[in-house]
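> For reference, this is work33.cif, and it has mmCIF, C-alpha atoms and all ligand atoms.
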data_run
#
loop_
_atom_site.label_atom_id
_atom_site.label_comp_id
_atom_site.auth_asym_id
_atom_site.auth_seq_id
_atom_site.Cartn_x
_atom_site.Cartn_y
_atom_site.Cartn_z
CA MET A 1 0.00 0.00 0.00
CA PRO A 2 1.58 3.30 -1.00
CA LEU A 3 1.89 6.20 1.40
CA LEU A 4 -1.05 8.43 0.72
CA PHE A 5 -1.64 12.10 0.91
CA THR A 6 -5.16 13.40 0.52
CA GLY A 7 -4.85 16.85 -0.90
CA LYS A 8 -7.21 19.61 0.05
CA SER A 9 -9.75 20.69 -2.49
CA VAL A 10 -8.22 22.55 -5.37
CA HIS A 11 -9.72 24.46 -8.24
CA SER A 12 -9.69 23.15 -11.75
CA SER A 13 -6.72 25.29 -12.75
CA SER A 14 -4.34 22.55 -11.65
CA GLY A 15 -6.03 19.35 -12.73
CA SER A 16 -8.21 20.40 -15.64
CA HIS A 17 -6.91 23.67 -16.95
CA SER A 18 -8.25 23.17 -20.44
CA TYR A 19 -11.80 22.73 -19.15
CA ALA A 20 -11.60 25.95 -17.17
CA MET A 21 -10.36 27.83 -20.23
CA ALA A 22 -13.36 26.58 -22.20
CA SER A 23 -15.79 28.15 -19.76
CA GLN A 24 -16.89 31.55 -21.03
CA THR A 25 -20.00 31.96 -18.92
CA LYS A 26 -20.50 35.08 -16.84
CA ALA A 27 -21.59 33.09 -13.81
CA TYR A 28 -18.26 31.29 -13.60
CA LYS A 29 -18.18 28.56 -11.02
CA PRO A 30 -14.88 26.83 -10.12
CA ILE A 31 -14.75 23.06 -10.25
CA GLU A 32 -13.39 21.44 -7.09
CA LEU A 33 -11.10 18.44 -7.32
CA LYS A 34 -9.63 16.48 -4.42
CA LEU A 35 -6.53 14.59 -5.56
CA VAL A 36 -5.27 11.39 -3.92
CA ILE A 37 -1.51 11.27 -4.54
CA ASP A 38 1.12 8.57 -4.10
CA LYS A 39 3.85 10.62 -2.44
CA ILE A 40 6.56 8.08 -3.29
CA SER A 41 6.02 8.06 -7.04
CA ASN A 42 4.46 11.52 -7.02
CA GLN A 43 1.55 10.12 -9.05
CA VAL A 44 -2.09 11.11 -8.85
CA LEU A 45 -3.95 7.90 -8.02
CA TYR A 46 -7.38 9.33 -8.58
CA ALA A 47 -9.45 12.47 -8.17
CA GLU A 48 -12.62 13.02 -6.21
CA SER A 49 -15.18 15.61 -7.22
CA ASN A 50 -18.85 16.42 -7.19
CA LYS A 51 -21.55 15.94 -9.79
CA ASP A 52 -20.76 19.23 -11.54
CA PHE A 53 -17.41 17.90 -12.75
CA VAL A 54 -18.77 14.45 -13.57
CA ASP A 55 -21.59 16.03 -15.59
CA VAL A 56 -18.99 17.84 -17.70
CA LEU A 57 -17.12 14.57 -18.33
CA LEU A 58 -20.33 12.73 -19.24
CA SER A 59 -21.29 15.48 -21.68
CA PHE A 60 -18.37 14.32 -23.87
CA LEU A 61 -20.47 11.27 -24.76
CA THR A 62 -23.21 13.46 -26.23
CA LEU A 63 -20.97 15.25 -28.73
CA PRO A 64 -21.74 14.62 -32.43
CA MET A 65 -18.93 13.23 -34.59
CA GLY A 66 -18.40 16.45 -36.57
CA THR A 67 -17.98 18.43 -33.34
CA ILE A 68 -15.46 15.92 -31.96
CA ILE A 69 -13.39 16.14 -35.16
CA GLY A 70 -13.51 19.96 -35.03
CA LEU A 71 -12.51 20.11 -31.35
CA ALA A 72 -9.60 17.76 -32.08
CA ASP A 73 -8.48 20.07 -34.88
CA LYS A 74 -8.99 17.26 -37.42
CA ARG A 75 -6.55 15.01 -35.57
CA SER A 76 -9.00 12.82 -33.71
CA GLY A 77 -7.60 9.55 -35.05
CA ILE A 78 -11.12 8.09 -35.25
CA GLY A 79 -10.80 5.88 -38.32
CA SER A 80 -11.05 7.97 -41.51
CA MET A 81 -13.32 10.57 -39.96
CA ASP A 82 -10.70 13.34 -40.08
CA GLU A 83 -10.36 12.97 -43.86
CA LEU A 84 -14.13 12.88 -44.26
CA TYR A 85 -14.40 16.14 -42.29
CA LYS A 86 -11.64 17.78 -44.38
CA SER A 87 -13.47 16.74 -47.56
CA VAL A 88 -16.60 18.58 -46.46
CA GLU A 89 -14.52 21.66 -45.62
CA VAL A 90 -13.35 22.07 -49.22
CA LEU A 91 -16.67 21.29 -50.91
CA ASP A 92 -18.31 24.37 -52.40
CA ASP A 93 -21.22 25.25 -50.13
CA GLU A 94 -23.32 26.70 -52.98
CA LYS A 95 -22.62 24.14 -55.72
CA CYS A 96 -22.53 20.93 -53.70
CA PHE A 97 -25.14 21.42 -50.97
CA TRP A 98 -28.85 22.13 -51.10
CA THR A 99 -28.25 25.07 -48.76
CA LYS A 100 -25.25 26.72 -47.08
CA ALA A 101 -26.71 25.43 -43.84
CA GLY A 102 -25.93 21.85 -44.92
CA LYS A 103 -22.19 22.41 -44.82
CA THR A 104 -22.40 24.45 -41.61
CA MET A 105 -24.37 21.72 -39.90
CA LEU A 106 -21.96 18.95 -40.97
CA LEU A 107 -18.89 20.83 -39.74
CA ASN A 108 -20.46 22.18 -36.52
CA PRO A 109 -23.30 19.85 -35.55
CA ARG A 110 -25.10 20.63 -32.33
CA SER A 111 -25.58 18.00 -29.70
CA ALA A 112 -29.12 16.67 -29.44
CA TYR A 113 -28.68 17.16 -25.69
CA GLY A 114 -27.30 20.68 -26.12
CA PHE A 115 -30.09 22.53 -24.34
CA GLN A 116 -29.20 20.57 -21.22
CA TYR A 117 -25.63 21.92 -21.46
CA HIS A 118 -27.03 25.10 -19.93
CA ASN A 119 -26.70 23.40 -16.56
CA LEU A 120 -23.05 22.47 -17.03
CA VAL A 121 -20.30 24.56 -15.42
CA VAL A 122 -18.22 24.04 -18.58
CA LYS A 123 -19.61 23.60 -22.08
CA ILE A 124 -16.92 21.69 -23.92
CA ASP A 125 -18.19 22.40 -27.46
CA GLY A 126 -18.32 26.16 -26.86
CA MET A 127 -21.65 26.51 -28.66
CA ASP A 128 -24.41 28.87 -27.61
CA TYR A 129 -27.54 26.75 -27.39
CA SER A 130 -29.76 29.75 -26.75
CA LYS A 131 -29.03 30.95 -30.28
CA LEU A 132 -31.57 30.35 -33.04
CA TYR A 133 -32.06 31.74 -36.54
CA THR A 134 -35.07 33.22 -38.30
CA CYS A 135 -35.90 34.81 -41.64
CA ARG A 136 -37.38 37.73 -39.66
CA ARG A 137 -40.34 37.96 -42.03
CA ASP A 138 -43.94 38.36 -41.11
CA PRO A 139 -45.66 36.00 -40.25
CA CYS A 140 -42.80 33.47 -40.04
CA TRP A 141 -41.45 34.67 -36.73
CA THR A 142 -44.31 36.82 -35.48
CA SER A 143 -46.92 34.05 -35.47
CA ASN A 144 -47.58 32.07 -32.30
CA SER A 145 -45.75 29.00 -33.54
CA GLY A 146 -42.90 30.82 -35.26
CA PHE A 147 -40.26 29.27 -37.51
CA PHE A 148 -36.73 29.00 -36.21
CA SER A 149 -33.68 26.93 -37.06
CA LEU A 150 -30.66 25.78 -35.08
CA VAL A 151 -28.47 26.30 -38.16
CA LYS A 152 -27.76 29.63 -39.83
CA ASN A 153 -28.97 30.01 -43.42
CA SER A 154 -31.44 27.15 -43.26
CA ILE A 155 -34.29 27.72 -45.71
CA CYS A 156 -37.52 28.89 -44.12
CA VAL A 157 -41.01 27.79 -45.24
CA CYS A 158 -41.21 31.17 -47.03
CA ARG A 159 -38.11 30.07 -49.04
CA GLN A 160 -35.91 32.80 -47.55
CA ALA A 161 -32.66 32.10 -45.72
CA MET A 162 -32.93 32.10 -41.93
CA GLU A 163 -29.93 34.33 -41.35
CA TYR A 164 -31.01 36.52 -38.43
CA GLU A 165 -29.94 35.57 -34.94
CA VAL A 166 -32.33 35.45 -31.98
CA HIS A 167 -31.77 34.18 -28.45
CA LEU A 168 -33.97 32.08 -26.24
CA GLN A 169 -34.62 33.85 -22.97
CA ASN A 170 -34.87 30.73 -20.84
CA THR A 171 -33.35 27.36 -21.75
CA GLY A 172 -34.05 25.83 -18.35
CA GLY A 173 -32.16 26.24 -15.09
CA ASN A 174 -29.48 28.70 -14.07
CA VAL A 175 -26.00 28.65 -15.50
CA GLY A 176 -23.66 26.88 -13.11
CA SER A 177 -26.42 25.51 -10.96
CA SER A 178 -26.36 21.97 -9.70
CA SER A 179 -29.77 21.28 -11.18
CA MET A 180 -30.57 18.83 -13.93
CA ALA A 181 -27.84 17.67 -16.24
CA PHE A 182 -26.95 13.98 -16.10
CA ILE A 183 -26.03 12.91 -12.57
CA ASN A 184 -28.53 12.61 -9.75
CA LYS A 185 -28.45 11.84 -6.00
CA VAL A 186 -24.85 10.74 -5.34
CA ASP A 187 -22.84 13.81 -4.29
CA ARG A 188 -19.25 12.67 -4.71
CA TYR A 189 -17.46 10.60 -7.35
CA ILE A 190 -13.96 9.25 -7.80
CA ILE A 191 -12.40 9.62 -11.24
CA ARG A 192 -9.33 7.82 -12.55
CA ASP A 193 -6.92 9.29 -15.09
CA ASP A 194 -8.42 7.05 -17.79
CA LEU A 195 -11.81 8.66 -16.91
CA GLU A 196 -13.26 5.61 -15.22
CA ILE A 197 -15.86 6.99 -12.77
CA LEU A 198 -17.42 5.44 -9.68
CA PRO A 199 -19.44 6.78 -6.73
CA SER A 200 -17.09 7.86 -3.96
CA ARG A 201 -17.09 4.98 -1.48
CA ILE A 202 -14.18 3.34 0.31
CA GLU A 203 -14.81 -0.01 -1.37
CA ASN A 204 -14.67 1.62 -4.81
CA GLY A 205 -11.39 3.44 -4.20
CA LEU A 206 -9.44 0.58 -2.56
CA PRO A 207 -8.94 -1.57 -5.69
CA TRP A 208 -7.41 1.40 -7.49
CA LEU A 209 -5.02 2.02 -4.62
CA GLU A 210 -3.96 -1.64 -4.49
CA GLU A 211 -3.10 -1.63 -8.20
CA LYS A 212 -0.30 0.82 -7.52
ZN ZN A 301 -39.79 32.75 -43.36
#
Can the structure from this file be put into structure tokens for me?
Ligand SMILES: [Zn+2]

Amino acid sequence: MPLLFTGKSVHSSSGSHSYAMASQTKAYKPIELKLVIDKISNQVLYAESNKDFVDVLLSFLTLPMGTIIGLADKRSGIGSMDELYKSVEVLDDEKCFWTKAGKTMLLNPRSAYGFQYHNLVVKIDGMDYSKLYTCRRDPCWTSNSGFFSLVKNSICVCRQAMEYEVHLQNTGGNVGSSSMAFINKVDRYIIRDDLEILPSRIENGLPWLEEK
């Protein structure tokens, strides 16, 4: 059994700097991480954190393929997906696609769970899910139902491009709150460097310690 040191809670700037940099929200909320360190090898054995951090990690699983390739700067290494993405980049958006929106959507697809990202302390894809587009013609956006698109330059029912930006006033919950996202009930989790996650209980942490 290695000699252990349980570090005091630290902010994400040490353990997850890139996540903190991705957070552009006004209501910034630090992520707390408690690190369990093997003092002999100076290795982090695992981290412990609350549901806010785990929700951010789980949101990775909801990212569409095109967004993953873009975030990885076309070096994701997922089969031939990087080349497929680069091919779309060079295709002429007016000659090859029904609308400009087709190319935009393929290169920057929104997560189907994106509206729930509002409750995350860090939105990894950097997209603004309150943003919608309209043709701004009457009655398309003045009627009760209204016509809006998630993708700029989509074609409206009136055949005009939906190029004008509007913002939803309320997408559910407060930014940075601990309300609905993915995780419920269990307050604390332990996270290994390979991103294996378990509820924070002694019996869950011990096998990881004994591996070292
Ligand atoms: Zn319209």
> Any chance you could tabulate, as CSV, the residues of chain A at most 9 Å from ligand ZN 301 (chain A) with each one's nearest atom pair and distance in Å to one decimal, using only C-alpha atoms and all ligand atoms, in chain and rising number order?

residue,atom,partner,partner_atom,distance
A:Thr134,CA,A:ZN301,ZN,6.9
A:Cys135,CA,A:ZN301,ZN,4.7
A:Arg136,CA,A:ZN301,ZN,6.7
A:Arg137,CA,A:ZN301,ZN,5.4
A:Asp138,CA,A:ZN301,ZN,7.3
A:Pro139,CA,A:ZN301,ZN,7.4
A:Cys140,CA,A:ZN301,ZN,4.5
A:Trp141,CA,A:ZN301,ZN,7.1
A:Gly146,CA,A:ZN301,ZN,8.9
A:Phe147,CA,A:ZN301,ZN,6.8
A:Phe148,CA,A:ZN301,ZN,8.6
A:Ile155,CA,A:ZN301,ZN,7.8
A:Cys156,CA,A:ZN301,ZN,4.5
A:Val157,CA,A:ZN301,ZN,5.4
A:Cys158,CA,A:ZN301,ZN,4.2
A:Arg159,CA,A:ZN301,ZN,6.5
A:Gln160,CA,A:ZN301,ZN,5.7
A:Ala161,CA,A:ZN301,ZN,7.5
A:Met162,CA,A:ZN301,ZN,7.0
> Choose the residue, out of A:Ile124, A:Tyr164, A:Lys51, A:Ser154, that has the smallest atom-to-atom separation from A:Gly102; count all atoms listed in the file.
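Once distances to A:Gly102 are computed over all atoms listed in the file, the minimum belongs to A:Ser154.
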> Please report the interatomic distance between atom CA of A:Met105 and atom CA of A:Leu57 in Å with one decimal.
23.9 Å
> Please indicate the distance in Å from atom CA of A:Leu150 to atom CA of A:Phe115, rounded to one decimal place.
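Calculated distance between atom CA of A:Leu150 and atom CA of A:Phe115 is 11.2 Å.
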> Give me, as a PyMOL selection string, all polymer residues having an atom no more than 6 Å from A:Ser49, counting all atoms listed in the file and skipping those fewer than 4 positions away in the same chain.
chain A and resi 33+188-189
> Report the distance between atom CA of A:Leu35 and atom CA of A:Asp73 in Å, rounded to one decimal place.
29.9 Å
> May I ask which of the residues A:His167, A:Asp52, A:Leu58, A:Leu106 is the closest one to A:Tyr133, counting only C-alpha atoms?
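Answer, going by the shortest atom-to-atom distance: A:His167.
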> So, with all atoms listed in the file as the atoms that count, which of A:Lys86, A:Tyr28, A:Gln43, A:Gln116 lies closest to A:Ile183?
A:Gln116
> Using all atoms listed in the file, which residue out of A:Ile69, A:Leu198, A:Ile31, A:Ala181 lies closest to A:Gly114?
A:Ala181
> I need the residue nearest A:Asn108 from this list: A:Ile68, A:Leu132, A:Leu120, A:Leu195. Use all atoms listed in the file for the distance.
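Between A:Ile68, A:Leu132, A:Leu120, A:Leu195, the residue approaching A:Asn108 most closely is A:Ile68.
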> Would you kindly identify which residues have an atom no farther than 10 Å from (-15.9, 15.4, -29.7), using only C-alpha atoms and the file's own coordinates, and write them out as a list in words?
Ser59, Phe60, Leu61, Thr62, Leu63, Pro64, Met65, Gly66, Thr67, Ile68, Ile69, Gly70, Leu71, Ala72, Ser76, Ile124 and Asp125 of chain A
> From the options A:Gln169, A:Met81, A:Ser145, A:Glu32, which residue's atoms come nearest to A:Ala47, counting only C-alpha atoms?
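Smallest distance to A:Ala47 is found for A:Glu32.
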> Got a minute to add N, CA and C atoms to stretch 189-203 of chain A and dump it as a PDB file, in the coordinates of the input?

ATOM      1  N   TYR A 189     -17.911  11.672  -6.462  1.00  0.00           N
ATOM      2  CA  TYR A 189     -17.460  10.600  -7.350  1.00  0.00           C
ATOM      3  C   TYR A 189     -15.939  10.550  -7.338  1.00  0.00           C
ATOM      4  N   ILE A 190     -15.404   9.359  -7.597  1.00  0.00           N
ATOM      5  CA  ILE A 190     -13.960   9.250  -7.800  1.00  0.00           C
ATOM      6  C   ILE A 190     -13.719   8.994  -9.283  1.00  0.00           C
ATOM      7  N   ILE A 191     -12.671   9.633  -9.795  1.00  0.00           N
ATOM      8  CA  ILE A 191     -12.400   9.620 -11.240  1.00  0.00           C
ATOM      9  C   ILE A 191     -10.936   9.240 -11.452  1.00  0.00           C
ATOM     10  N   ARG A 192     -10.688   8.218 -12.264  1.00  0.00           N
ATOM     11  CA  ARG A 192      -9.330   7.820 -12.550  1.00  0.00           C
ATOM     12  C   ARG A 192      -8.808   8.567 -13.765  1.00  0.00           C
ATOM     13  N   ASP A 193      -7.488   8.518 -13.982  1.00  0.00           N
ATOM     14  CA  ASP A 193      -6.920   9.290 -15.090  1.00  0.00           C
ATOM     15  C   ASP A 193      -7.368   8.773 -16.460  1.00  0.00           C
ATOM     16  N   ASP A 194      -7.875   7.528 -16.514  1.00  0.00           N
ATOM     17  CA  ASP A 194      -8.420   7.050 -17.790  1.00  0.00           C
ATOM     18  C   ASP A 194      -9.922   7.364 -17.899  1.00  0.00           C
ATOM     19  N   LEU A 195     -10.424   8.184 -16.961  1.00  0.00           N
ATOM     20  CA  LEU A 195     -11.810   8.660 -16.910  1.00  0.00           C
ATOM     21  C   LEU A 195     -12.811   7.600 -16.458  1.00  0.00           C
ATOM     22  N   GLU A 196     -12.329   6.510 -15.880  1.00  0.00           N
ATOM     23  CA  GLU A 196     -13.260   5.610 -15.220  1.00  0.00           C
ATOM     24  C   GLU A 196     -13.842   6.335 -14.007  1.00  0.00           C
ATOM     25  N   ILE A 197     -15.160   6.239 -13.825  1.00  0.00           N
ATOM     26  CA  ILE A 197     -15.860   6.990 -12.770  1.00  0.00           C
ATOM     27  C   ILE A 197     -16.670   6.033 -11.908  1.00  0.00           C
ATOM     28  N   LEU A 198     -16.607   6.238 -10.607  1.00  0.00           N
ATOM     29  CA  LEU A 198     -17.420   5.440  -9.680  1.00  0.00           C
ATOM     30  C   LEU A 198     -17.900   6.348  -8.545  1.00  0.00           C
ATOM     31  N   PRO A 199     -19.036   6.031  -7.929  1.00  0.00           N
ATOM     32  CA  PRO A 199     -19.440   6.780  -6.730  1.00  0.00           C
ATOM     33  C   PRO A 199     -18.358   6.706  -5.672  1.00  0.00           C
ATOM     34  N   SER A 200     -18.177   7.791  -4.936  1.00  0.00           N
ATOM     35  CA  SER A 200     -17.090   7.860  -3.960  1.00  0.00           C
ATOM     36  C   SER A 200     -17.443   7.075  -2.705  1.00  0.00           C
ATOM     37  N   ARG A 201     -16.942   5.837  -2.668  1.00  0.00           N
ATOM     38  CA  ARG A 201     -17.090   4.980  -1.480  1.00  0.00           C
ATOM     39  C   ARG A 201     -15.752   4.279  -1.259  1.00  0.00           C
ATOM     40  N   ILE A 202     -15.448   3.972  -0.018  1.00  0.00           N
ATOM     41  CA  ILE A 202     -14.180   3.340   0.310  1.00  0.00           C
ATOM     42  C   ILE A 202     -13.951   2.089  -0.532  1.00  0.00           C
ATOM     43  N   GLU A 203     -14.980   1.250  -0.655  1.00  0.00           N
ATOM     44  CA  GLU A 203     -14.810  -0.010  -1.370  1.00  0.00           C
ATOM     45  C   GLU A 203     -14.545   0.199  -2.860  1.00  0.00           C
TER      46      GLU A 203
END
